[in-house]
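Trainee: Got input.cif for you, mmCIF, C-alpha atoms:
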data_start
#
loop_
_atom_site.group_PDB
_atom_site.id
_atom_site.type_symbol
_atom_site.label_atom_id
_atom_site.label_comp_id
_atom_site.auth_asym_id
_atom_site.auth_seq_id
_atom_site.Cartn_x
_atom_site.Cartn_y
_atom_site.Cartn_z
ATOM 1 C CA MET A 1 -16.306 18.026 -21.974
ATOM 2 C CA ARG A 2 -12.904 19.572 -22.530
ATOM 3 C CA ILE A 3 -11.792 18.372 -19.108
ATOM 4 C CA ILE A 4 -12.802 14.786 -19.892
ATOM 5 C CA ARG A 5 -10.842 14.946 -23.131
ATOM 6 C CA THR A 6 -7.767 16.328 -21.360
ATOM 7 C CA VAL A 7 -7.930 13.696 -18.627
ATOM 8 C CA THR A 8 -8.367 10.889 -21.156
ATOM 9 C CA LEU A 9 -5.396 12.161 -23.159
ATOM 10 C CA ALA A 10 -3.255 12.481 -20.003
ATOM 11 C CA LEU A 11 -4.216 8.971 -18.888
ATOM 12 C CA SER A 12 -3.494 7.548 -22.302
ATOM 13 C CA LEU A 13 -0.096 9.237 -22.325
ATOM 14 C CA CYS A 14 0.664 7.953 -18.843
ATOM 15 C CA LEU A 15 -0.222 4.427 -19.896
ATOM 16 C CA ALA A 16 1.653 4.596 -23.196
ATOM 17 C CA LEU A 17 4.794 6.281 -21.833
ATOM 18 C CA PRO A 18 6.345 3.256 -20.095
ATOM 19 C CA ALA A 19 5.779 1.176 -23.172
ATOM 20 C CA LEU A 20 7.392 3.825 -25.399
ATOM 21 C CA VAL A 21 10.362 4.222 -23.046
ATOM 22 C CA GLY A 22 10.722 0.471 -22.753
ATOM 23 C CA ALA A 23 10.760 0.072 -26.514
ATOM 24 C CA SER A 24 13.485 2.669 -26.953
ATOM 25 C CA GLN A 25 15.705 1.227 -24.214
ATOM 26 C CA PRO A 26 17.844 -1.841 -24.932
ATOM 27 C CA SER A 27 16.627 -5.038 -23.343
ATOM 28 C CA PRO A 28 18.631 -6.195 -20.317
ATOM 29 C CA PRO A 29 21.663 -8.257 -21.366
ATOM 30 C CA GLN A 30 21.076 -11.968 -21.600
ATOM 31 C CA PRO A 31 23.528 -14.157 -19.705
ATOM 32 C CA ALA A 32 26.190 -15.470 -22.090
ATOM 33 C CA GLN A 33 25.872 -19.058 -23.144
ATOM 34 C CA GLU A 34 28.676 -20.744 -21.286
ATOM 35 C CA GLU A 35 28.606 -24.261 -22.554
ATOM 36 C CA PHE A 36 27.929 -26.269 -25.675
ATOM 37 C CA VAL A 37 24.286 -27.087 -26.272
ATOM 38 C CA PRO A 38 23.771 -30.328 -28.236
ATOM 39 C CA LEU A 39 21.557 -30.015 -31.283
ATOM 40 C CA ASP A 40 18.892 -32.338 -29.912
ATOM 41 C CA GLN A 41 18.536 -30.159 -26.768
ATOM 42 C CA LEU A 42 17.843 -26.944 -28.653
ATOM 43 C CA PRO A 43 14.334 -25.511 -28.345
ATOM 44 C CA PRO A 44 12.208 -26.327 -31.416
ATOM 45 C CA GLU A 45 12.063 -22.666 -32.536
ATOM 46 C CA ALA A 46 15.888 -22.508 -32.670
ATOM 47 C CA GLU A 47 16.174 -25.542 -34.935
ATOM 48 C CA LEU A 48 16.292 -25.223 -38.709
ATOM 49 C CA PRO A 49 13.717 -27.569 -40.278
ATOM 50 C CA ALA A 50 15.308 -30.270 -42.443
ATOM 51 C CA ALA A 51 12.331 -31.259 -44.590
ATOM 52 C CA PRO A 52 12.216 -28.059 -46.718
ATOM 53 C CA MET A 53 15.946 -28.457 -47.455
ATOM 54 C CA VAL A 54 15.530 -32.085 -48.540
ATOM 55 C CA ILE A 55 12.469 -31.283 -50.636
ATOM 56 C CA ALA A 56 14.194 -28.283 -52.259
ATOM 57 C CA ALA A 57 17.245 -30.411 -53.109
ATOM 58 C CA TYR A 58 15.164 -33.179 -54.708
ATOM 59 C CA VAL A 59 12.931 -30.749 -56.583
ATOM 60 C CA PHE A 60 15.988 -28.952 -57.953
ATOM 61 C CA VAL A 61 17.540 -32.200 -59.230
ATOM 62 C CA TRP A 62 14.338 -33.161 -61.024
ATOM 63 C CA ALA A 63 13.799 -29.642 -62.367
ATOM 64 C CA ALA A 64 17.372 -29.565 -63.713
ATOM 65 C CA PHE A 65 16.801 -32.817 -65.617
ATOM 66 C CA VAL A 66 13.470 -31.598 -67.002
ATOM 67 C CA VAL A 67 14.872 -28.222 -68.086
ATOM 68 C CA TYR A 68 17.813 -29.899 -69.826
ATOM 69 C CA ILE A 69 15.546 -32.368 -71.642
ATOM 70 C CA PHE A 70 13.330 -29.473 -72.790
ATOM 71 C CA SER A 71 16.357 -27.557 -74.014
ATOM 72 C CA ILE A 72 17.476 -30.572 -76.069
ATOM 73 C CA ALA A 73 13.955 -30.937 -77.491
ATOM 74 C CA LYS A 74 13.865 -27.239 -78.399
ATOM 75 C CA ARG A 75 17.206 -27.437 -80.188
ATOM 76 C CA LEU A 76 16.053 -30.571 -82.005
ATOM 77 C CA LYS A 77 12.956 -28.737 -83.257
ATOM 78 C CA ARG A 78 15.092 -25.871 -84.548
ATOM 79 C CA LEU A 79 17.338 -28.371 -86.312
ATOM 80 C CA GLU A 80 14.353 -30.047 -87.957
ATOM 81 C CA ALA A 81 13.098 -26.641 -89.126
ATOM 82 C CA ASP A 82 16.537 -25.958 -90.633
ATOM 83 C CA LEU A 83 16.450 -29.316 -92.412
ATOM 84 C CA ARG A 84 12.994 -28.554 -93.801
ATOM 85 C CA THR A 85 14.208 -25.193 -95.104
ATOM 86 C CA LEU A 86 17.129 -26.887 -96.788
ATOM 87 C CA GLU A 87 14.899 -29.523 -98.350
ATOM 88 C CA GLN A 88 12.498 -26.879 -99.679
ATOM 89 C CA GLY A 89 15.435 -24.971 -101.117
ATOM 90 C CA ARG A 90 16.668 -28.120 -102.838
ATOM 91 C CA ARG A 91 13.209 -28.864 -104.276
ATOM 92 C CA GLY A 92 13.007 -25.306 -105.547
ATOM 93 C CA GLU A 93 16.343 -25.740 -107.316
ATOM 94 C CA ILE A 94 15.219 -29.001 -108.927
ATOM 95 C CA LEU A 95 11.961 -27.413 -110.148
ATOM 96 C CA ARG A 96 13.908 -24.533 -111.681
ATOM 97 C CA MET B 1 21.183 -46.214 -81.575
ATOM 98 C CA ARG B 2 17.566 -45.157 -80.988
ATOM 99 C CA LYS B 3 16.541 -48.613 -79.794
ATOM 100 C CA TYR B 4 19.282 -48.617 -77.165
ATOM 101 C CA THR B 5 18.341 -45.072 -76.121
ATOM 102 C CA HIS B 6 14.754 -46.172 -75.455
ATOM 103 C CA ILE B 7 15.919 -49.159 -73.422
ATOM 104 C CA LEU B 8 18.293 -46.957 -71.414
ATOM 105 C CA LEU B 9 15.562 -44.373 -70.859
ATOM 106 C CA GLY B 10 13.169 -47.055 -69.584
ATOM 107 C CA ALA B 11 15.829 -48.407 -67.232
ATOM 108 C CA ALA B 12 16.702 -44.898 -65.999
ATOM 109 C CA LEU B 13 13.054 -44.083 -65.275
ATOM 110 C CA LEU B 14 12.619 -47.383 -63.444
ATOM 111 C CA VAL B 15 15.689 -46.747 -61.302
ATOM 112 C CA PHE B 16 14.584 -43.179 -60.563
ATOM 113 C CA ALA B 17 11.070 -44.316 -59.657
ATOM 114 C CA LEU B 18 12.436 -46.813 -57.125
ATOM 115 C CA ALA B 19 15.148 -44.540 -55.726
ATOM 116 C CA PRO B 20 12.870 -42.510 -53.377
ATOM 117 C CA VAL B 21 11.531 -45.746 -51.843
ATOM 118 C CA LEU B 22 15.050 -47.024 -51.119
ATOM 119 C CA ILE B 23 16.177 -43.623 -49.835
ATOM 120 C CA HIS B 24 13.142 -43.435 -47.571
ATOM 121 C CA ARG B 25 13.920 -46.894 -46.156
ATOM 122 C CA ALA B 26 17.607 -46.074 -45.574
ATOM 123 C CA PRO B 27 18.459 -45.455 -41.907
ATOM 124 C CA TYR B 28 18.817 -41.932 -40.536
ATOM 125 C CA GLU B 29 22.349 -40.730 -39.919
ATOM 126 C CA SER B 30 22.738 -40.308 -36.130
ATOM 127 C CA THR B 31 23.892 -36.664 -35.960
ATOM 128 C CA MET B 32 22.291 -35.061 -39.037
ATOM 129 C CA GLY B 33 18.963 -36.856 -39.210
ATOM 130 C CA LEU B 34 16.630 -36.218 -42.144
ATOM 131 C CA VAL B 35 18.792 -33.644 -43.942
ATOM 132 C CA GLN B 36 21.444 -36.312 -44.606
ATOM 133 C CA LYS B 37 19.020 -37.799 -47.180
ATOM 134 C CA ILE B 38 20.269 -35.082 -49.558
ATOM 135 C CA PHE B 39 23.466 -37.152 -49.708
ATOM 136 C CA TYR B 40 21.754 -39.759 -51.949
ATOM 137 C CA PHE B 41 21.439 -37.234 -54.786
ATOM 138 C CA HIS B 42 24.328 -34.919 -53.880
ATOM 139 C CA LEU B 43 27.113 -37.500 -54.016
ATOM 140 C CA PRO B 44 25.994 -39.190 -57.280
ATOM 141 C CA GLY B 45 25.679 -35.726 -58.846
ATOM 142 C CA ALA B 46 29.192 -34.797 -57.709
ATOM 143 C CA LEU B 47 30.660 -38.091 -58.920
ATOM 144 C CA MET B 48 28.967 -37.651 -62.291
ATOM 145 C CA MET B 49 30.334 -34.120 -62.558
ATOM 146 C CA LEU B 50 33.887 -35.358 -61.957
ATOM 147 C CA PHE B 51 33.682 -38.420 -64.233
ATOM 148 C CA ILE B 52 32.098 -36.494 -67.086
ATOM 149 C CA ALA B 53 34.608 -33.635 -66.726
ATOM 150 C CA LEU B 54 37.368 -36.260 -67.062
ATOM 151 C CA PHE B 55 35.653 -37.668 -70.136
ATOM 152 C CA ALA B 56 35.181 -34.204 -71.677
ATOM 153 C CA GLY B 57 38.863 -33.450 -71.095
ATOM 154 C CA VAL B 58 40.010 -36.724 -72.674
ATOM 155 C CA MET B 59 37.707 -36.225 -75.696
ATOM 156 C CA SER B 60 38.985 -32.663 -76.081
ATOM 157 C CA GLY B 61 42.554 -33.962 -76.020
ATOM 158 C CA ILE B 62 41.714 -36.514 -78.726
ATOM 159 C CA PHE B 63 40.076 -33.771 -80.786
ATOM 160 C CA LEU B 64 43.068 -31.448 -80.419
ATOM 161 C CA PHE B 65 45.558 -34.086 -81.504
ATOM 162 C CA THR B 66 43.565 -36.029 -84.128
ATOM 163 C CA LYS B 67 40.996 -33.432 -85.355
ATOM 164 C CA LYS B 68 38.282 -36.106 -85.325
ATOM 165 C CA PRO B 69 34.873 -34.368 -85.324
ATOM 166 C CA TRP B 70 33.244 -37.138 -83.236
ATOM 167 C CA ALA B 71 35.608 -36.387 -80.368
ATOM 168 C CA ASP B 72 34.498 -32.743 -80.426
ATOM 169 C CA HIS B 73 30.825 -33.791 -80.462
ATOM 170 C CA TYR B 74 31.427 -36.071 -77.474
ATOM 171 C CA ALA B 75 33.300 -33.309 -75.612
ATOM 172 C CA LEU B 76 30.544 -30.753 -76.220
ATOM 173 C CA ALA B 77 27.787 -33.147 -75.122
ATOM 174 C CA ALA B 78 29.812 -34.039 -72.027
ATOM 175 C CA ALA B 79 30.524 -30.392 -71.176
ATOM 176 C CA GLU B 80 26.787 -29.655 -71.029
ATOM 177 C CA GLN B 81 26.367 -32.523 -68.597
ATOM 178 C CA VAL B 82 29.206 -31.252 -66.399
ATOM 179 C CA VAL B 83 27.244 -28.012 -66.072
ATOM 180 C CA LEU B 84 24.016 -29.946 -65.404
ATOM 181 C CA PHE B 85 25.448 -32.241 -62.711
ATOM 182 C CA GLY B 86 27.612 -29.433 -61.370
ATOM 183 C CA ALA B 87 24.523 -27.283 -60.825
ATOM 184 C CA MET B 88 22.884 -30.175 -58.958
ATOM 185 C CA THR B 89 25.954 -30.611 -56.760
ATOM 186 C CA LEU B 90 26.410 -26.912 -56.067
ATOM 187 C CA VAL B 91 22.744 -26.415 -55.152
ATOM 188 C CA THR B 92 22.092 -29.560 -53.118
ATOM 189 C CA GLY B 93 25.394 -29.184 -51.231
ATOM 190 C CA PRO B 94 24.628 -25.786 -49.660
ATOM 191 C CA LEU B 95 21.082 -26.925 -48.795
ATOM 192 C CA TRP B 96 22.613 -29.764 -46.821
ATOM 193 C CA ALA B 97 25.423 -27.592 -45.401
ATOM 194 C CA ARG B 98 23.037 -24.927 -44.065
ATOM 195 C CA LYS B 99 21.464 -27.472 -41.766
ATOM 196 C CA ALA B 100 24.523 -29.624 -41.030
ATOM 197 C CA TRP B 101 27.268 -26.977 -40.773
ATOM 198 C CA GLY B 102 25.180 -23.870 -40.028
ATOM 199 C CA VAL B 103 26.459 -22.065 -43.139
ATOM 200 C CA TRP B 104 25.465 -22.161 -46.800
ATOM 201 C CA TRP B 105 28.995 -22.065 -48.135
ATOM 202 C CA GLU B 106 32.605 -22.450 -47.027
ATOM 203 C CA TRP B 107 35.424 -21.134 -49.191
ATOM 204 C CA ASP B 108 37.497 -24.265 -48.659
ATOM 205 C CA ALA B 109 39.540 -26.076 -51.314
ATOM 206 C CA ARG B 110 36.839 -28.652 -52.229
ATOM 207 C CA LEU B 111 33.933 -26.252 -52.647
ATOM 208 C CA THR B 112 35.950 -23.517 -54.321
ATOM 209 C CA SER B 113 37.622 -25.851 -56.836
ATOM 210 C CA SER B 114 34.261 -27.483 -57.624
ATOM 211 C CA LEU B 115 32.771 -24.057 -58.298
ATOM 212 C CA LEU B 116 35.791 -23.247 -60.467
ATOM 213 C CA LEU B 117 35.318 -26.447 -62.505
ATOM 214 C CA TRP B 118 31.661 -25.605 -63.048
ATOM 215 C CA MET B 119 32.511 -22.066 -64.135
ATOM 216 C CA ILE B 120 35.190 -23.315 -66.552
ATOM 217 C CA PHE B 121 32.593 -25.479 -68.278
ATOM 218 C CA ILE B 122 30.086 -22.626 -68.372
ATOM 219 C CA ALA B 123 32.811 -20.546 -70.034
ATOM 220 C CA TYR B 124 33.429 -23.489 -72.420
ATOM 221 C CA LEU B 125 29.743 -23.567 -73.436
ATOM 222 C CA LEU B 126 29.606 -19.778 -73.869
ATOM 223 C CA LEU B 127 32.734 -19.959 -76.006
ATOM 224 C CA ARG B 128 31.225 -22.706 -78.155
ATOM 225 C CA ARG B 129 27.966 -20.770 -78.496
ATOM 226 C CA PHE B 130 29.349 -17.312 -79.292
ATOM 227 C CA GLY B 131 33.030 -17.916 -80.132
ATOM 228 C CA GLY B 132 32.625 -18.356 -83.881
ATOM 229 C CA PRO B 133 35.141 -20.242 -86.040
ATOM 230 C CA GLY B 134 37.992 -21.805 -84.112
ATOM 231 C CA SER B 135 36.058 -21.931 -80.841
ATOM 232 C CA ASP B 136 36.146 -25.745 -80.962
ATOM 233 C CA LYS B 137 39.945 -25.786 -80.562
ATOM 234 C CA LEU B 138 39.949 -23.031 -77.935
ATOM 235 C CA GLY B 139 37.217 -24.884 -76.049
ATOM 236 C CA ALA B 140 39.213 -28.115 -76.209
ATOM 237 C CA GLY B 141 42.122 -26.311 -74.554
ATOM 238 C CA MET B 142 39.803 -25.099 -71.813
ATOM 239 C CA ALA B 143 38.421 -28.589 -71.220
ATOM 240 C CA LEU B 144 41.984 -29.917 -70.873
ATOM 241 C CA PHE B 145 42.632 -27.230 -68.257
ATOM 242 C CA ALA B 146 39.466 -28.312 -66.439
ATOM 243 C CA LEU B 147 40.619 -31.938 -66.618
ATOM 244 C CA ALA B 148 43.673 -31.022 -64.539
ATOM 245 C CA ASN B 149 41.329 -29.628 -61.871
ATOM 246 C CA VAL B 150 39.455 -32.930 -61.378
ATOM 247 C CA PRO B 151 42.046 -34.896 -59.344
ATOM 248 C CA PHE B 152 42.658 -31.772 -57.266
ATOM 249 C CA ILE B 153 38.947 -31.561 -56.379
ATOM 250 C CA TYR B 154 38.889 -35.217 -55.362
ATOM 251 C CA VAL B 155 41.915 -35.201 -53.061
ATOM 252 C CA SER B 156 41.554 -31.637 -51.741
ATOM 253 C CA VAL B 157 39.493 -32.738 -48.712
ATOM 254 C CA ASN B 158 42.319 -35.001 -47.558
ATOM 255 C CA TYR B 159 45.006 -32.294 -47.620
ATOM 256 C CA TRP B 160 43.291 -29.031 -46.634
ATOM 257 C CA ARG B 161 41.236 -28.228 -43.572
ATOM 258 C CA THR B 162 37.541 -28.348 -44.413
ATOM 259 C CA LEU B 163 34.089 -29.029 -43.026
ATOM 260 C CA HIS B 164 33.386 -31.298 -45.999
ATOM 261 C CA PRO B 165 33.538 -35.073 -45.380
ATOM 262 C CA LYS B 166 36.699 -36.816 -46.568
ATOM 263 C CA THR B 167 37.029 -39.371 -49.397
ATOM 264 C CA THR B 168 36.975 -42.186 -46.824
ATOM 265 C CA VAL B 169 33.219 -41.716 -46.250
ATOM 266 C CA VAL B 170 32.019 -43.666 -49.291
ATOM 267 C CA PRO B 171 34.131 -46.832 -48.790
ATOM 268 C CA ASN B 172 33.045 -46.937 -45.139
ATOM 269 C CA LEU B 173 29.301 -46.520 -45.732
ATOM 270 C CA VAL B 174 27.130 -49.128 -44.032
ATOM 271 C CA PRO B 175 25.299 -51.375 -46.532
ATOM 272 C CA PRO B 176 21.784 -49.959 -45.801
ATOM 273 C CA MET B 177 23.107 -46.531 -46.805
ATOM 274 C CA ALA B 178 25.501 -47.673 -49.548
ATOM 275 C CA GLY B 179 22.730 -49.575 -51.387
ATOM 276 C CA PRO B 180 20.425 -46.575 -52.021
ATOM 277 C CA MET B 181 23.425 -44.356 -52.808
ATOM 278 C CA TRP B 182 24.766 -46.671 -55.532
ATOM 279 C CA TRP B 183 21.209 -47.227 -56.782
ATOM 280 C CA ALA B 184 20.755 -43.470 -57.209
ATOM 281 C CA PHE B 185 24.180 -43.316 -58.848
ATOM 282 C CA ALA B 186 23.077 -46.004 -61.335
ATOM 283 C CA GLY B 187 20.012 -43.874 -62.129
ATOM 284 C CA PHE B 188 22.215 -40.851 -62.765
ATOM 285 C CA VAL B 189 24.535 -42.913 -65.006
ATOM 286 C CA LEU B 190 21.623 -44.281 -67.059
ATOM 287 C CA MET B 191 20.011 -40.858 -67.423
ATOM 288 C CA SER B 192 23.369 -39.382 -68.361
ATOM 289 C CA LEU B 193 23.860 -42.027 -71.074
ATOM 290 C CA VAL B 194 20.402 -41.304 -72.536
ATOM 291 C CA LEU B 195 21.000 -37.547 -72.597
ATOM 292 C CA PHE B 196 24.497 -38.058 -73.971
ATOM 293 C CA ALA B 197 23.259 -40.272 -76.820
ATOM 294 C CA LEU B 198 20.538 -37.737 -77.711
ATOM 295 C CA ARG B 199 22.911 -34.795 -77.555
ATOM 296 C CA VAL B 200 25.625 -36.481 -79.670
ATOM 297 C CA GLN B 201 23.026 -37.482 -82.262
ATOM 298 C CA GLN B 202 21.785 -33.900 -82.341
ATOM 299 C CA GLU B 203 25.312 -32.516 -82.680
ATOM 300 C CA GLU B 204 26.032 -34.869 -85.599
ATOM 301 C CA GLN B 205 22.846 -33.710 -87.340
ATOM 302 C CA ARG B 206 23.737 -30.086 -86.689
ATOM 303 C CA ALA B 207 27.160 -30.643 -88.309
ATOM 304 C CA ARG B 208 25.421 -32.192 -91.346
ATOM 305 C CA VAL B 209 23.005 -29.254 -91.627
ATOM 306 C CA GLU B 210 25.900 -26.812 -91.397
ATOM 307 C CA ALA B 211 27.747 -28.689 -94.140
ATOM 308 C CA LEU B 212 24.602 -28.617 -96.322
ATOM 309 C CA TYR B 213 24.208 -24.856 -95.762
ATOM 310 C CA LEU B 214 27.828 -24.316 -96.717
ATOM 311 C CA ALA B 215 27.403 -26.462 -99.841
ATOM 312 C CA ALA B 216 24.212 -24.574 -100.770
ATOM 313 C CA ASN B 217 25.939 -21.199 -100.358
ATOM 314 C CA GLU B 218 28.932 -22.303 -102.421
ATOM 315 C CA GLY B 219 26.666 -23.737 -105.127
#
Using structure tokens, write down the structure from this file.
Mentor:
Amino acid sequence: MRIIRTVTLALSLCLALPALVGASQPSPPQPAQEEFVPLDQLPPEAELPAAPMVIAAYVFVWAAFVVYIFSIAKRLKRLEADLRTLEQGRRGEILR
Amino acid sequence: MRKYTHILLGAALLVFALAPVLIHRAPYESTMGLVQKIFYFHLPGALMMLFIALFAGVMSGIFLFTKKPWADHYALAAAEQVVLFGAMTLVTGPLWARKAWGVWWEWDARLTSSLLLWMIFIAYLLLRRFGGPGSDKLGAGMALFALANVPFIYVSVNYWRTLHPKTTVVPNLVPPMAGPMWWAFAGFVLMSLVLFALRVQQEEQRARVEALYLAANEG
């Protein structure tokens, strides 16, 4: 039983060793790109998708408008509350 | 005033609702493809930022020399919109640049001076919010300084080396692209007018409330 375990371990190590060594060694140098590659000839994985950029830009513009409108509405509410306080104060003075 | 605001708001919403259809129908630019569609919101946003910064500077000048409160209200409302449209320009621009130029940002004269203009108006708003008495006059001085930056931003692409397109792009746009661009610009102008009217109205009311508070405290 012990022999089987030892052999299995040795085999596993033998199989795993090249992979471990390969992972620690740098990959062979790629040949340098020597000429200009037009954008439309790039492989699909090297291209940056345009749609998320366009969508993000349009969403940001709309979000900016909405946030600004909400901020105006919030300030308007505060102003109305101030006016109400002033009116109540005035009424209180008249009643006195 | 309110009646006109409602009409303007309706028109702005109509223009904005139709804008995506026109932008979708516009032809693709040959080298950039889909990402160039950002142009239809980026350029109107940038133009609005520059025009409104000019307006804010002029109103601040009027306020400094005549002390008319309405000019200060106009300048403050305009300054907020410079920050709003500036944010749109400075966010949509890099999204476009990342795909078209391969970088998010270039520290060239156009981009850097635009960022500077935006930061000056943020400083203006912070000053108005937390500056206390006298911040209106200090802010007006700042807006005048920003006004001087506007022509520089516009012409900078023609004098310094940059990746950014030059000012000749817009006059040379083909009609199928120029139409949606000016349509989107009209939408921005209408929306800006609505927000401006609301903000000025609010600022006038705030001044009245402040005056009432002062009167109540003195009484």
Trainee: Pull the closest atom pair for each residue of chain B that gets at most 7 Å from chain A, along with the distance in Å to one decimal, counting only C-alpha atoms, ordering rows by chain and then ascending residue number, as a tab-separated table.
Mentor:
residue	atom	partner	partner_atom	distance
B:Leu34	CA	A:Ala50	CA	6.1
B:Val35	CA	A:Ala50	CA	5.1
B:Lys37	CA	A:Val54	CA	6.8
B:Ile38	CA	A:Val54	CA	5.7
B:Leu84	CA	A:Ala64	CA	6.9
B:Met88	CA	A:Val61	CA	5.7
B:Thr92	CA	A:Ala57	CA	4.9
B:Leu95	CA	A:Met53	CA	5.5
B:Trp96	CA	A:Met53	CA	6.8
B:Lys99	CA	A:Leu48	CA	6.4
B:Gln202	CA	A:Leu76	CA	6.6
B:Arg206	CA	A:Leu79	CA	6.6
B:Val209	CA	A:Leu83	CA	6.6
Trainee: Would you translate the PyMOL selection byres ((chain B and resi 156) around 12) into the concrete set of residues it matches in this file, as a list in words?
Mentor: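 So the PyMOL selection byres ((chain B and resi 156) around 12) ends up selecting Asp108, Ala109, Arg110, Leu111, Thr112, Ser113, Ser114, Asn149, Val150, Pro151, Phe152, Ile153, Tyr154, Val155, Val157, Asn158, Tyr159, Trp160, Arg161, Thr162, Leu163, His164, Pro165, Lys166 and Thr167 of chain B.
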Trainee: Using only C-alpha atoms, which protein or nucleic acid residues come within 10 Å of Pro20 in chain B? Drop anything in the same chain fewer than 2 positions from it, and give the result as a list in words.
Mentor: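 My reading of the contact set: Tyr58 of chain A; Val15, Phe16, Ala17, Leu18, Leu22, Ile23, His24, Arg25, Ala26, Lys37, Tyr40, Pro180 and Ala184 of chain B.
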Trainee: To one decimal place, how far is CA of Glu204 in chain B from CA of Pro69 in chain B in Å?
Mentor: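 According to the coordinates, CA of Glu204 in chain B and CA of Pro69 in chain B are separated by 8.9 Å.
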Trainee: Just the number, please: distance in Å from CA of Gly57 in chain B to CA of Ala146 in chain B, one decimal.
Mentor: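 CA of Ala146 in chain B lies 7.0 Å from CA of Gly57 in chain B.
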Trainee: How many Å separate CA of Ala11 in chain B from CA of Glu29 in chain B?
Mentor: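 Separation between CA of Ala11 in chain B and CA of Glu29 in chain B: 29.1 Å.
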Trainee: Residues at most 12 Å from Met119 in chain B, counting only C-alpha atoms, excluding those fewer than 4 positions away in the same chain, as a list in words?
Mentor: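 Once the nearby chain positions are removed, what remains is Ala79, Glu80, Val82, Val83, Leu84, Gly86, Ala87, Leu90, Thr112, Ser113, Ser114, Leu115, Ala123, Tyr124, Leu125, Leu126, Met142, Ala143, Ala146 and Asn149 of chain B.
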Trainee: Within 8 Å of Ala56 in chain B, counting all atoms listed in the file, which residues show up once you throw out same-chain ones fewer than 2 positions away? Write them as a list in words, please.
Mentor: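 The residues satisfying every condition are Ile52, Ala53, Leu54, Val58, Met59, Ser60, Tyr74, Ala75, Leu76, Ala78, Ala79, Ala143 and Leu147 of chain B.
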